[in-house]
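Q: I am sharing input-v1.cif, which consists of mmCIF, C-alpha atoms:
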```
data_target
#
loop_
_atom_site.label_atom_id
_atom_site.label_comp_id
_atom_site.auth_asym_id
_atom_site.auth_seq_id
_atom_site.Cartn_x
_atom_site.Cartn_y
_atom_site.Cartn_z
CA MET J 1 -0.88 -15.41 -61.19
CA ARG J 2 -0.95 -16.91 -57.71
CA ARG J 3 2.08 -14.92 -56.73
CA LEU J 4 0.49 -11.72 -58.00
CA ILE J 5 -2.64 -12.26 -55.86
CA PHE J 6 -0.39 -12.97 -52.90
CA ILE J 7 1.53 -9.74 -53.44
CA ILE J 8 -1.64 -7.65 -53.87
CA CYS J 9 -3.15 -9.08 -50.69
CA GLY J 10 0.04 -8.35 -48.78
CA PHE J 11 0.17 -4.84 -50.12
CA CYS J 12 -3.49 -4.18 -49.16
CA ALA J 13 -2.91 -5.51 -45.65
CA ILE J 14 0.09 -3.28 -45.13
CA SER J 15 -1.47 -0.16 -46.55
CA SER J 16 -4.55 -0.42 -44.31
CA PHE J 17 -2.77 -1.33 -41.08
CA GLY J 18 -0.74 0.82 -38.72
CA GLN J 19 0.44 0.20 -35.19
CA ASN J 20 2.93 1.67 -32.80
CA GLN J 21 3.81 1.42 -29.12
CA GLY J 22 5.26 3.59 -26.40
CA SER J 23 5.72 3.05 -22.71
CA VAL J 24 6.42 4.68 -19.38
CA ASN J 25 7.13 3.17 -15.97
CA ALA J 26 5.19 3.48 -12.73
CA THR J 27 7.14 2.85 -9.53
CA PHE J 28 5.95 2.80 -5.93
CA ASN J 29 8.61 2.75 -3.24
CA LEU J 30 7.39 1.51 0.13
CA SER J 31 9.25 2.21 3.36
CA GLN J 32 9.49 0.45 6.69
CA VAL J 33 6.90 1.59 9.21
CA ALA J 34 6.96 1.21 13.00
CA MET J 35 4.31 3.24 14.83
CA LEU J 36 2.93 2.57 18.28
CA ASP J 37 0.24 4.34 20.25
CA LEU J 38 -1.83 3.94 23.41
CA GLU J 39 -5.56 4.60 23.39
CA PRO J 40 -7.69 6.33 24.54
CA ASN J 41 -4.60 8.22 25.81
CA ASN J 42 -1.39 7.67 27.71
CA SER J 43 -2.66 9.25 30.90
CA THR J 44 -1.66 7.85 34.28
CA VAL J 45 -3.07 4.54 35.45
CA THR J 46 -3.95 4.73 39.15
CA LEU J 47 -3.96 1.60 41.29
CA ASN J 48 -4.73 1.90 45.00
CA LEU J 49 -4.80 -0.52 47.86
CA SER J 50 -7.31 0.31 50.53
CA SER J 51 -7.60 -1.38 53.85
CA ALA J 52 -10.14 -4.12 54.38
CA ILE J 53 -13.64 -3.07 55.42
CA GLU J 54 -13.84 -5.74 58.08
CA ALA J 55 -11.17 -7.49 60.06
CA GLY J 56 -10.06 -10.71 58.40
CA GLU J 57 -10.89 -9.57 54.88
CA MET J 58 -8.32 -8.92 52.15
CA ALA J 59 -7.16 -5.44 51.27
CA VAL J 60 -9.16 -3.98 48.40
CA VAL J 61 -7.47 -2.99 45.16
CA VAL J 62 -9.07 0.11 43.67
CA MET J 63 -8.18 0.72 40.03
CA THR J 64 -8.87 3.77 37.92
CA ASN J 65 -8.20 4.12 34.24
CA ASN J 66 -6.28 0.85 34.27
CA GLU J 67 -7.21 -0.24 30.73
CA LYS J 68 -5.31 0.84 27.66
CA TRP J 69 -5.34 -0.26 24.05
CA ILE J 70 -2.19 -0.75 22.00
CA ASN J 71 -2.53 0.42 18.41
CA PHE J 72 0.30 -0.08 15.94
CA SER J 73 1.19 0.09 12.26
CA SER J 74 4.06 -2.03 11.04
CA ALA J 75 5.56 -2.56 7.59
CA VAL J 76 8.57 -4.79 7.04
CA THR J 77 10.43 -6.45 4.19
CA SER J 78 9.52 -10.03 3.39
CA ALA J 79 12.92 -11.15 4.67
CA ALA J 80 12.69 -9.24 7.94
CA ALA J 81 12.40 -11.00 11.27
CA PRO J 82 9.06 -10.58 13.05
CA ARG J 83 8.71 -7.62 15.37
CA SER J 84 7.64 -7.58 18.96
CA ILE J 85 6.37 -5.14 21.56
CA SER J 86 8.10 -5.14 24.91
CA ILE J 87 7.34 -3.41 28.17
CA LYS J 88 9.43 -2.44 31.16
CA ILE J 89 9.34 -0.17 34.17
CA GLU J 90 11.56 2.66 33.05
CA ASP J 91 11.58 4.60 36.25
CA GLY J 92 10.36 4.01 39.80
CA GLN J 93 9.89 0.96 41.98
CA VAL J 94 6.82 -1.08 42.82
CA PRO J 95 6.10 -0.89 46.59
CA ALA J 96 7.09 -3.90 48.64
CA GLY J 97 4.54 -6.66 49.08
CA ILE J 98 2.76 -6.20 45.75
CA TYR J 99 3.28 -7.12 42.13
CA LEU J 100 2.32 -4.88 39.26
CA LYS J 101 0.72 -7.23 36.77
CA LEU J 102 -0.26 -6.73 33.16
CA SER J 103 -2.74 -8.79 31.22
CA THR J 104 -2.67 -8.52 27.40
CA SER J 105 -5.83 -9.61 25.60
CA ASN J 106 -6.10 -11.33 22.24
CA TYR J 107 -6.28 -9.03 19.26
CA VAL J 108 -9.64 -7.48 18.37
CA GLY J 109 -10.53 -4.83 15.82
CA ILE J 110 -10.67 -3.85 12.18
CA GLY J 111 -6.96 -4.28 11.41
CA GLN J 112 -5.30 -6.59 8.93
CA GLY J 113 -2.04 -8.38 8.40
CA VAL J 114 0.24 -10.43 10.61
CA LEU J 115 -0.76 -8.93 13.95
CA GLY J 116 1.21 -11.19 16.28
CA LEU J 117 0.27 -13.02 19.47
CA PRO J 118 -0.07 -11.77 23.06
CA ALA J 119 2.04 -13.11 25.92
CA GLY J 120 -0.86 -13.19 28.38
CA ILE J 121 -0.16 -12.17 31.99
CA LEU J 122 3.21 -10.76 33.09
CA THR J 123 4.66 -9.31 36.27
CA LEU J 124 6.28 -6.02 35.37
CA ASP J 125 9.76 -5.03 36.41
CA SER J 126 12.68 -3.07 35.01
CA THR J 127 13.61 -5.85 32.56
CA PRO J 128 12.05 -5.63 29.08
CA GLN J 129 9.45 -8.34 28.59
CA THR J 130 7.68 -9.21 25.36
CA ILE J 131 3.94 -8.71 25.50
CA ILE J 132 3.19 -9.19 21.77
CA SER J 133 5.40 -11.17 19.39
CA GLY J 134 5.35 -12.22 15.74
CA ILE J 135 4.30 -8.90 14.21
CA LYS J 136 4.99 -8.36 10.52
CA GLY J 137 3.16 -6.15 8.02
CA ALA J 138 0.01 -5.14 9.86
CA TYR J 139 -2.19 -2.40 11.26
CA THR J 140 -4.48 -2.81 14.26
CA GLY J 141 -7.05 -0.11 13.57
CA ASP J 142 -7.12 3.13 15.50
CA GLY J 143 -8.71 3.88 18.88
CA ILE J 144 -10.17 1.81 21.67
CA ASN J 145 -11.54 -1.62 20.79
CA ASN J 146 -8.79 -1.94 18.18
CA GLY J 147 -5.57 -3.76 18.90
CA TYR J 148 -4.58 -5.41 22.17
CA LYS J 149 -6.22 -4.41 25.42
CA LEU J 150 -3.80 -3.95 28.32
CA ASN J 151 -5.10 -4.36 31.81
CA TYR J 152 -2.88 -3.25 34.71
CA TYR J 153 -3.60 -4.55 38.19
CA LEU J 154 -1.98 -5.15 41.56
CA GLU J 155 -1.48 -8.46 43.28
CA ILE J 156 -0.47 -8.74 46.92
CA TYR J 157 2.15 -11.39 47.51
CA ASP J 158 3.15 -10.56 51.09
CA TYR J 159 0.83 -8.71 53.48
CA LYS J 160 3.46 -8.11 56.09
CA LEU J 161 5.50 -6.01 53.64
CA LEU J 162 2.62 -3.67 52.82
CA ASP J 163 2.93 -0.05 53.83
CA PHE J 164 -0.37 1.77 53.38
CA ASN J 165 1.30 5.15 53.59
CA GLN J 166 3.53 4.47 50.63
CA THR J 167 2.97 5.93 47.19
CA ALA J 168 5.00 5.11 44.12
CA THR J 169 4.90 6.67 40.67
CA LEU J 170 6.22 4.46 37.89
CA SER J 171 7.14 5.31 34.37
CA ILE J 172 6.42 2.44 31.96
CA THR J 173 7.81 2.17 28.44
CA LEU J 174 6.42 0.19 25.53
CA THR J 175 8.71 -0.44 22.55
CA LEU J 176 7.98 -1.84 19.08
CA SER J 177 11.20 -3.33 17.78
CA ASP J 178 12.84 -5.77 15.38
CA LEU J 179 14.14 -8.70 17.37
CA MET U 180 14.23 -17.96 -51.33
CA LYS U 181 10.70 -17.01 -52.45
CA ASN U 182 9.72 -16.38 -48.84
CA LEU U 183 12.73 -14.18 -48.32
CA PHE U 184 11.75 -12.02 -51.29
CA PHE U 185 8.22 -11.75 -49.95
CA ILE U 186 9.37 -10.68 -46.48
CA ALA U 187 11.70 -8.11 -48.03
CA PHE U 188 8.80 -6.86 -50.12
CA LEU U 189 6.58 -6.48 -47.02
CA VAL U 190 9.23 -4.57 -45.14
CA ILE U 191 10.00 -2.20 -48.03
CA SER U 192 6.37 -1.60 -48.97
CA ASN U 193 5.45 -1.02 -45.31
CA SER U 194 8.00 1.75 -45.09
CA LEU U 195 6.92 3.23 -48.41
CA PHE U 196 3.15 2.80 -48.37
CA GLY U 197 2.14 1.66 -44.87
CA GLN U 198 -0.15 3.99 -42.96
CA GLY U 199 1.82 4.05 -39.71
CA ILE U 200 1.17 6.08 -36.61
CA ASP U 201 3.89 7.94 -34.80
CA ILE U 202 3.49 8.21 -31.05
CA THR U 203 5.45 9.78 -28.25
CA VAL U 204 4.82 8.90 -24.62
CA THR U 205 6.54 10.85 -21.84
CA GLY U 206 6.23 11.06 -18.09
CA GLY U 207 6.31 8.03 -15.83
CA TRP U 208 5.12 8.05 -12.24
CA VAL U 209 7.46 7.54 -9.30
CA ASN U 210 5.74 7.67 -5.94
CA ASN U 211 7.74 7.40 -2.73
CA ILE U 212 5.17 6.28 -0.20
CA SER U 213 6.07 7.93 3.09
CA PRO U 214 5.25 6.56 6.56
CA SER U 215 4.18 10.11 7.44
CA ASP U 216 1.15 9.50 5.21
CA ILE U 217 -0.20 7.32 8.03
CA SER U 218 -2.15 9.71 10.20
CA GLU U 219 -1.86 7.75 13.43
CA ALA U 220 -0.54 4.44 14.72
CA GLY U 221 -3.08 1.73 14.00
CA ASN U 222 -4.03 3.13 10.62
CA ASP U 223 -3.05 2.00 7.15
CA TYR U 224 -1.88 4.20 4.30
CA PRO U 225 -4.65 6.39 2.93
CA THR U 226 -5.87 5.00 -0.34
CA PRO U 227 -6.03 5.61 -3.25
CA TYR U 228 -2.93 7.51 -4.28
CA THR U 229 -3.32 9.63 -7.41
CA SER U 230 -0.77 11.15 -9.72
CA THR U 231 -0.89 14.65 -11.14
CA ILE U 232 -3.52 15.13 -13.82
CA ASN U 233 -0.88 15.40 -16.55
CA GLN U 234 1.46 12.69 -15.31
CA THR U 235 1.84 11.18 -18.77
CA LEU U 236 1.60 12.99 -22.10
CA LEU U 237 0.82 11.14 -25.32
CA THR U 238 1.20 12.52 -28.82
CA ILE U 239 -0.31 10.65 -31.76
CA ILE U 240 0.54 11.55 -35.34
CA PRO U 241 -1.07 9.20 -37.87
CA LYS U 242 -0.06 9.24 -41.53
CA ASN U 243 -3.71 8.88 -42.50
CA TYR U 244 -5.86 11.45 -40.63
CA LYS U 245 -9.14 9.85 -41.75
CA LYS U 246 -8.78 6.51 -40.04
CA LEU U 247 -10.16 5.68 -36.62
CA ILE U 248 -7.31 5.04 -34.18
CA TYR U 249 -7.69 2.71 -31.22
CA VAL U 250 -5.51 3.39 -28.21
CA TYR U 251 -4.92 0.46 -25.87
CA VAL U 252 -3.14 0.36 -22.57
CA THR U 253 -1.72 -2.59 -20.72
CA ARG U 254 0.77 -3.38 -17.98
CA SER U 255 3.99 -5.34 -18.09
CA ASP U 256 5.04 -5.94 -14.51
CA ILE U 257 8.59 -5.60 -13.29
CA ALA U 258 7.78 -6.22 -9.60
CA TRP U 259 4.14 -6.23 -8.60
CA HIS U 260 1.67 -7.47 -6.00
CA ASN U 261 -1.80 -8.84 -6.67
CA ASN U 262 -3.32 -6.42 -4.14
CA LEU U 263 -2.28 -3.44 -6.27
CA THR U 264 -4.66 -2.00 -8.85
CA LEU U 265 -3.43 0.65 -11.25
CA LYS U 266 -6.00 2.79 -13.05
CA ILE U 267 -5.78 5.44 -15.72
CA ARG U 268 -7.96 8.20 -17.08
CA ARG U 269 -7.59 10.77 -19.84
CA THR U 270 -7.67 14.29 -18.44
CA SER U 271 -7.48 16.39 -21.60
CA ASN U 272 -8.00 16.40 -25.34
CA GLY U 273 -4.52 17.79 -25.93
CA THR U 274 -3.98 19.98 -28.98
CA ASN U 275 -6.14 18.51 -31.69
CA ASN U 276 -7.67 20.99 -34.20
CA ASN U 277 -11.12 19.79 -33.15
CA ASN U 278 -10.41 16.23 -34.19
CA THR U 279 -12.69 13.56 -32.84
CA ILE U 280 -11.79 11.75 -29.61
CA ASN U 281 -13.99 9.46 -27.52
CA GLY U 282 -13.67 7.65 -24.21
CA GLY U 283 -11.09 7.31 -21.51
CA LEU U 284 -12.37 10.05 -19.24
CA LEU U 285 -13.28 7.70 -16.39
CA TYR U 286 -10.75 5.63 -14.49
CA GLN U 287 -10.17 2.23 -16.04
CA THR U 288 -8.03 -0.56 -14.62
CA ILE U 289 -4.81 -1.20 -16.48
CA THR U 290 -4.59 -4.95 -16.77
CA SER U 291 -1.63 -7.19 -17.43
CA ALA U 292 -1.41 -10.34 -19.54
CA PRO U 293 -3.22 -12.69 -19.79
CA SER U 294 -6.15 -10.33 -19.09
CA PRO U 295 -7.49 -8.51 -22.19
CA VAL U 296 -5.90 -5.14 -22.87
CA THR U 297 -7.88 -2.06 -21.92
CA THR U 298 -9.24 0.03 -24.80
CA LEU U 299 -8.53 3.49 -23.46
CA PHE U 300 -10.11 5.67 -26.17
CA THR U 301 -10.53 6.13 -29.91
CA CYS U 302 -9.65 9.15 -32.02
CA GLU U 303 -9.16 10.42 -35.55
CA GLY U 304 -6.32 12.62 -36.67
CA PRO U 305 -3.32 13.93 -34.83
CA PHE U 306 -3.34 14.74 -31.10
CA ILE U 307 -0.54 16.47 -29.28
CA ASN U 308 0.02 16.10 -25.55
CA LEU U 309 -3.05 14.19 -24.48
CA SER U 310 -2.71 14.06 -20.71
CA PHE U 311 -3.34 11.14 -18.37
CA GLN U 312 -3.72 10.66 -14.65
CA TYR U 313 -3.12 7.46 -12.69
CA GLU U 314 -4.60 6.04 -9.51
CA ILE U 315 -3.20 3.21 -7.43
CA THR U 316 -5.17 1.31 -4.82
CA GLY U 317 -3.98 -1.44 -2.51
CA ILE U 318 -0.93 0.32 -1.10
CA SER U 319 -0.77 -1.00 2.45
CA VAL U 320 1.56 -1.70 5.34
CA VAL U 321 0.45 -5.30 4.88
CA LEU U 322 2.48 -5.51 1.64
CA PRO U 323 6.14 -6.48 1.95
CA VAL U 324 8.33 -3.37 1.94
CA GLN U 325 9.99 -3.06 -1.47
CA SER U 326 9.68 -1.14 -4.74
CA TYR U 327 6.75 -2.14 -6.90
CA ALA U 328 7.14 -1.28 -10.57
CA THR U 329 5.36 -1.86 -13.84
CA THR U 330 5.71 -0.70 -17.42
CA ILE U 331 2.59 0.93 -18.85
CA MET U 332 2.39 0.14 -22.55
CA TYR U 333 0.42 2.38 -24.88
CA THR U 334 -0.50 0.79 -28.20
CA VAL U 335 -2.10 2.76 -31.05
CA MET U 336 -3.63 0.90 -33.93
CA HIS U 337 -5.94 1.39 -36.89
#
```
Translate this structure into structure tokens?
A:
Amino acid sequence: MRRLIFIICGFCAISSFGQNQGSVNATFNLSQVAMLDLEPNNSTVTLNLSSAIEAGEMAVVVMTNNEKWINFSSAVTSAAAPRSISIKIEDGQVPAGIYLKLSTSNYVGIGQGVLGLPAGILTLDSTPQTIISGIKGAYTGDGINNGYKLNYYLEIYDYKLLDFNQTATLSITLTLSDL
Amino acid sequence: MKNLFFIAFLVISNSLFGQGIDITVTGGWVNNISPSDISEAGNDYPTPYTSTINQTLLTIIPKNYKKLIYVYVTRSDIAWHNNLTLKIRRTSNGTNNNNTINGGLLYQTITSAPSPVTTLFTCEGPFINLSFQYEITGISVVLPVQSYATTIMYTVMH
């Protein structure tokens, strides 16, 4: 009798129950990204030295449009080495008696990720120098007030070498790379 | 020995009298996320990404047309990241002879264990080629570059 009840219950359970499964896959393939941009534009930075107003005073550095913002987007594998941004004078020579200096601010903006660290103040020459290091998967945000602010300026190191009739046009390159 | 007979009985009677449901699921989603999707340096990928409206087609053929069928969906991850959220919505009634179908028209998150499974919709009777669309959020340059994959499991039950 007990067995019969058991069998009936089992039969009822089976006859009222049905289940089946099917599946598909979803795959998202991400790629490496390395994009770099200057904001508000990559127009020419103009730095002028003008003679002192009164005898005994220092020459005056007049700067126009000398601030730029670095924006970047970077995507790397988890095993990849951190990236960095380097700068160098690609073409042209800084006039004698002055240094072309670059100050890189701390990061500001709406970006996220591993955004790296700035090198601070550098004297630019034709050798690549790292201005931001330790970048991994990150984006700075787009436009001014996002990313790292670059400030170009001149510093006189030897007055006797200055030639106020001299003009130099320099081409400067910024590179985002895996190092 | 008794137990063995009973198990054999369940298996045989299930095939003879059980009210099973046949289903067919076709159409996965492979999305190659391109760096060209990023409009300008400094930006992230645009989000969300959506599939076509008929990315997956589901056909349900129950043996008993009168019973309410529950359709559940869940995720079984192959390689995943916690920042990613996969959603699904039903975009058609398929071919159905005016059978009843309810729910699933708004995006719902597809969860993975141990979270409860998502009840996608309910229906009665057979449905051929119900279509589904997916949406993924959280795709970002911040994520490590790799392939992220999951298996989307459809379970029908009554």
Q: Do you have the CA of Asn233 (chain U)-CA of Gly18 (chain J) distance handy?
A: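 Atom-to-atom, CA of Asn233 (chain U) and CA of Gly18 (chain J) are spaced 26.5 Å apart.
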Q: What residues in chain J lie within 6 Å of chain U, counting all atoms listed in the file, written as a PyMOL selection string?
A: chain J and resi 14-15+17-31+33+35-37+71-73+75-78+113+137-142
Q: So what does the PyMOL selection byres ((chain J and resi 110) around 8) actually pick up in this one, as an NGL selection string?
A: :J and (108-109 or 111-112 or 140-141 or 146)
Q: So, counting all atoms listed in the file, which residue among U:Gln234, U:Asn277, U:Asn261, U:Pro295 is closest to Ser310 (chain U)?
A: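 Closest to Ser310 (chain U) of all the choices is U:Gln234.
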Q: Once the PyMOL selection byres ((chain J and resi 43) around 12) is applied to the coordinates I shared, what remains selected? I want it as a PyMOL selection string.
A: chain J and resi 38-42+44-46+64-68+171-172
Q: Using C-alpha atoms, can you export the residues from the last selection as a PDB file, keeping the file's coordinate frame?
A:
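What ended up in out.pdb:
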```pdb
ATOM      1  CA  LEU J  38      -1.830   3.940  23.410  1.00  0.00           C
ATOM      2  CA  GLU J  39      -5.560   4.600  23.390  1.00  0.00           C
ATOM      3  CA  PRO J  40      -7.690   6.330  24.540  1.00  0.00           C
ATOM      4  CA  ASN J  41      -4.600   8.220  25.810  1.00  0.00           C
ATOM      5  CA  ASN J  42      -1.390   7.670  27.710  1.00  0.00           C
ATOM      6  CA  THR J  44      -1.660   7.850  34.280  1.00  0.00           C
ATOM      7  CA  VAL J  45      -3.070   4.540  35.450  1.00  0.00           C
ATOM      8  CA  THR J  46      -3.950   4.730  39.150  1.00  0.00           C
ATOM      9  CA  THR J  64      -8.870   3.770  37.920  1.00  0.00           C
ATOM     10  CA  ASN J  65      -8.200   4.120  34.240  1.00  0.00           C
ATOM     11  CA  ASN J  66      -6.280   0.850  34.270  1.00  0.00           C
ATOM     12  CA  GLU J  67      -7.210  -0.240  30.730  1.00  0.00           C
ATOM     13  CA  LYS J  68      -5.310   0.840  27.660  1.00  0.00           C
ATOM     14  CA  SER J 171       7.140   5.310  34.370  1.00  0.00           C
ATOM     15  CA  ILE J 172       6.420   2.440  31.960  1.00  0.00           C
TER      16      ILE J 172
END
```
Q: Need the neighbours of (-11.5, 9.0, -9.6): which residues are at most 10 Å away, counting only C-alpha atoms, as a compact mmCIF listing (two decimals) with C-alpha atoms, keeping the file's coordinate frame?
A:
```txt
# COMPACT_ATOMS: atom_id res chain seq x y z
CA PRO U 227 -6.03 5.61 -3.25
CA THR U 229 -3.32 9.63 -7.41
CA LYS U 266 -6.00 2.79 -13.05
CA ILE U 267 -5.78 5.44 -15.72
CA ARG U 268 -7.96 8.20 -17.08
CA LEU U 284 -12.37 10.05 -19.24
CA LEU U 285 -13.28 7.70 -16.39
CA TYR U 286 -10.75 5.63 -14.49
CA GLN U 287 -10.17 2.23 -16.04
CA GLN U 312 -3.72 10.66 -14.65
CA TYR U 313 -3.12 7.46 -12.69
CA GLU U 314 -4.60 6.04 -9.51
```
Q: CA of Val62 (chain J) to CA of Thr173 (chain J): how many Å, to one decimal?
A: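 Those two atoms sit 22.8 Å apart.
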Q: So which residues touch Lys245 (chain U) within 10 Å, counting all atoms listed in the file, skipping near sequence neighbours fewer than 4 positions away, as an MDAnalysis selection string?
A: chainID U and resid 241 278 302:305
Q: So which one's closest to Gly116 (chain J), J:Gly97, J:Gly56, J:Pro128, J:Gly147? Using only C-alpha atoms, please.
A: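 Residue with the minimum atom-to-atom distance to Gly116 (chain J): J:Gly147.
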Q: Can you measure CA of Ser74 (chain J) to CA of Ala34 (chain J) for me? One decimal in Å is fine.
A: 4.8 Å
Q: Run the PyMOL selection byres ((chain U and resi 272-276) around 6) mentally over the shown coordinates, then write out the matched residues as a ChimeraX atom specification, using the chain letters and numbers from the document.
A: /U:271,277-278,306-309
Q: Residues around (4.1, -7.4, 20.6), cut-off 7 Å, counting all atoms listed in the file - what are they as a list in words?
A: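 I get Arg83, Ser84, Ile85, Ser86, Gly116, Leu117, Pro118, Thr130, Ile131, Ile132, Ser133, Gly134, Ile135 and Leu176 of chain J for the residues within 7 Å of that point.
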Q: Identify, on the basis of all atoms listed in the file, every residue whose closest approach to region 159-168 of chain J does not exceed 12 Å; exclude the query and any residue fewer than 2 positions from it along the same chain; express the result as a VMD selection string.
A: chain J and resid 45 to 52 57 to 61 91 to 100 155 to 157 170 to 171
Q: Using all atoms listed in the file, determine which residues lie at most 6 Å from Leu263 (chain U), disregarding the query and same-chain residues fewer than 2 positions distant; provide the list as a list in words.
A: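 Once the nearby chain positions are removed, what remains is His260, Asn261, Thr316 and Gly317 of chain U.
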Q: Is there a way to complete region 217-241 of chain U with N, CA and C atoms and then write that out as a PDB file, in the coordinates of the input?
A:
```
ATOM      1  N   ILE U 217       0.684   8.000   7.068  1.00  0.00           N
ATOM      2  CA  ILE U 217      -0.200   7.320   8.030  1.00  0.00           C
ATOM      3  C   ILE U 217      -0.507   8.312   9.149  1.00  0.00           C
ATOM      4  N   SER U 218      -1.777   8.623   9.299  1.00  0.00           N
ATOM      5  CA  SER U 218      -2.150   9.710  10.200  1.00  0.00           C
ATOM      6  C   SER U 218      -1.885   9.388  11.658  1.00  0.00           C
ATOM      7  N   GLU U 219      -2.039   8.133  12.032  1.00  0.00           N
ATOM      8  CA  GLU U 219      -1.860   7.750  13.430  1.00  0.00           C
ATOM      9  C   GLU U 219      -1.554   6.256  13.509  1.00  0.00           C
ATOM     10  N   ALA U 220      -0.820   5.865  14.526  1.00  0.00           N
ATOM     11  CA  ALA U 220      -0.540   4.440  14.720  1.00  0.00           C
ATOM     12  C   ALA U 220      -1.849   3.664  14.763  1.00  0.00           C
ATOM     13  N   GLY U 221      -1.870   2.538  14.090  1.00  0.00           N
ATOM     14  CA  GLY U 221      -3.080   1.730  14.000  1.00  0.00           C
ATOM     15  C   GLY U 221      -3.757   1.856  12.661  1.00  0.00           C
ATOM     16  N   ASN U 222      -3.425   2.922  11.939  1.00  0.00           N
ATOM     17  CA  ASN U 222      -4.030   3.130  10.620  1.00  0.00           C
ATOM     18  C   ASN U 222      -3.145   2.563   9.520  1.00  0.00           C
ATOM     19  N   ASP U 223      -3.768   2.404   8.351  1.00  0.00           N
ATOM     20  CA  ASP U 223      -3.050   2.000   7.150  1.00  0.00           C
ATOM     21  C   ASP U 223      -2.772   3.248   6.321  1.00  0.00           C
ATOM     22  N   TYR U 224      -2.066   3.074   5.209  1.00  0.00           N
ATOM     23  CA  TYR U 224      -1.880   4.200   4.300  1.00  0.00           C
ATOM     24  C   TYR U 224      -3.241   4.655   3.772  1.00  0.00           C
ATOM     25  N   PRO U 225      -3.395   5.943   3.551  1.00  0.00           N
ATOM     26  CA  PRO U 225      -4.650   6.390   2.930  1.00  0.00           C
ATOM     27  C   PRO U 225      -4.677   5.915   1.485  1.00  0.00           C
ATOM     28  N   THR U 226      -5.801   5.504   1.017  1.00  0.00           N
ATOM     29  CA  THR U 226      -5.870   5.000  -0.340  1.00  0.00           C
ATOM     30  C   THR U 226      -7.114   5.587  -1.024  1.00  0.00           C
ATOM     31  N   PRO U 227      -7.112   5.888  -2.310  1.00  0.00           N
ATOM     32  CA  PRO U 227      -6.030   5.610  -3.250  1.00  0.00           C
ATOM     33  C   PRO U 227      -5.021   6.750  -3.294  1.00  0.00           C
ATOM     34  N   TYR U 228      -3.890   6.462  -3.928  1.00  0.00           N
ATOM     35  CA  TYR U 228      -2.930   7.510  -4.280  1.00  0.00           C
ATOM     36  C   TYR U 228      -3.194   7.889  -5.749  1.00  0.00           C
ATOM     37  N   THR U 229      -3.129   9.183  -6.017  1.00  0.00           N
ATOM     38  CA  THR U 229      -3.320   9.630  -7.410  1.00  0.00           C
ATOM     39  C   THR U 229      -2.120  10.449  -7.858  1.00  0.00           C
ATOM     40  N   SER U 230      -1.868  10.374  -9.138  1.00  0.00           N
ATOM     41  CA  SER U 230      -0.770  11.150  -9.720  1.00  0.00           C
ATOM     42  C   SER U 230      -1.290  12.544 -10.056  1.00  0.00           C
ATOM     43  N   THR U 231      -0.417  13.366 -10.618  1.00  0.00           N
ATOM     44  CA  THR U 231      -0.890  14.650 -11.140  1.00  0.00           C
ATOM     45  C   THR U 231      -1.777  14.382 -12.350  1.00  0.00           C
ATOM     46  N   ILE U 232      -2.566  15.371 -12.725  1.00  0.00           N
ATOM     47  CA  ILE U 232      -3.520  15.130 -13.820  1.00  0.00           C
ATOM     48  C   ILE U 232      -2.818  15.018 -15.179  1.00  0.00           C
ATOM     49  N   ASN U 233      -1.621  15.519 -15.278  1.00  0.00           N
ATOM     50  CA  ASN U 233      -0.880  15.400 -16.550  1.00  0.00           C
ATOM     51  C   ASN U 233       0.416  14.618 -16.343  1.00  0.00           C
ATOM     52  N   GLN U 234       0.274  13.488 -15.629  1.00  0.00           N
ATOM     53  CA  GLN U 234       1.460  12.690 -15.310  1.00  0.00           C
ATOM     54  C   GLN U 234       2.118  12.137 -16.573  1.00  0.00           C
ATOM     55  N   THR U 235       1.309  11.697 -17.498  1.00  0.00           N
ATOM     56  CA  THR U 235       1.840  11.180 -18.770  1.00  0.00           C
ATOM     57  C   THR U 235       1.227  11.967 -19.918  1.00  0.00           C
ATOM     58  N   LEU U 236       2.065  12.283 -20.903  1.00  0.00           N
ATOM     59  CA  LEU U 236       1.600  12.990 -22.100  1.00  0.00           C
ATOM     60  C   LEU U 236       1.812  12.079 -23.306  1.00  0.00           C
ATOM     61  N   LEU U 237       0.783  12.015 -24.141  1.00  0.00           N
ATOM     62  CA  LEU U 237       0.820  11.140 -25.320  1.00  0.00           C
ATOM     63  C   LEU U 237       0.539  11.971 -26.567  1.00  0.00           C
ATOM     64  N   THR U 238       1.411  11.847 -27.538  1.00  0.00           N
ATOM     65  CA  THR U 238       1.200  12.520 -28.820  1.00  0.00           C
ATOM     66  C   THR U 238       1.039  11.447 -29.901  1.00  0.00           C
ATOM     67  N   ILE U 239      -0.008  11.616 -30.701  1.00  0.00           N
ATOM     68  CA  ILE U 239      -0.310  10.650 -31.760  1.00  0.00           C
ATOM     69  C   ILE U 239      -0.318  11.393 -33.095  1.00  0.00           C
ATOM     70  N   ILE U 240       0.512  10.947 -34.005  1.00  0.00           N
ATOM     71  CA  ILE U 240       0.540  11.550 -35.340  1.00  0.00           C
ATOM     72  C   ILE U 240       0.356  10.436 -36.377  1.00  0.00           C
ATOM     73  N   PRO U 241      -0.872  10.248 -36.861  1.00  0.00           N
ATOM     74  CA  PRO U 241      -1.070   9.200 -37.870  1.00  0.00           C
ATOM     75  C   PRO U 241      -0.716   9.733 -39.266  1.00  0.00           C
TER      76      PRO U 241
END
```
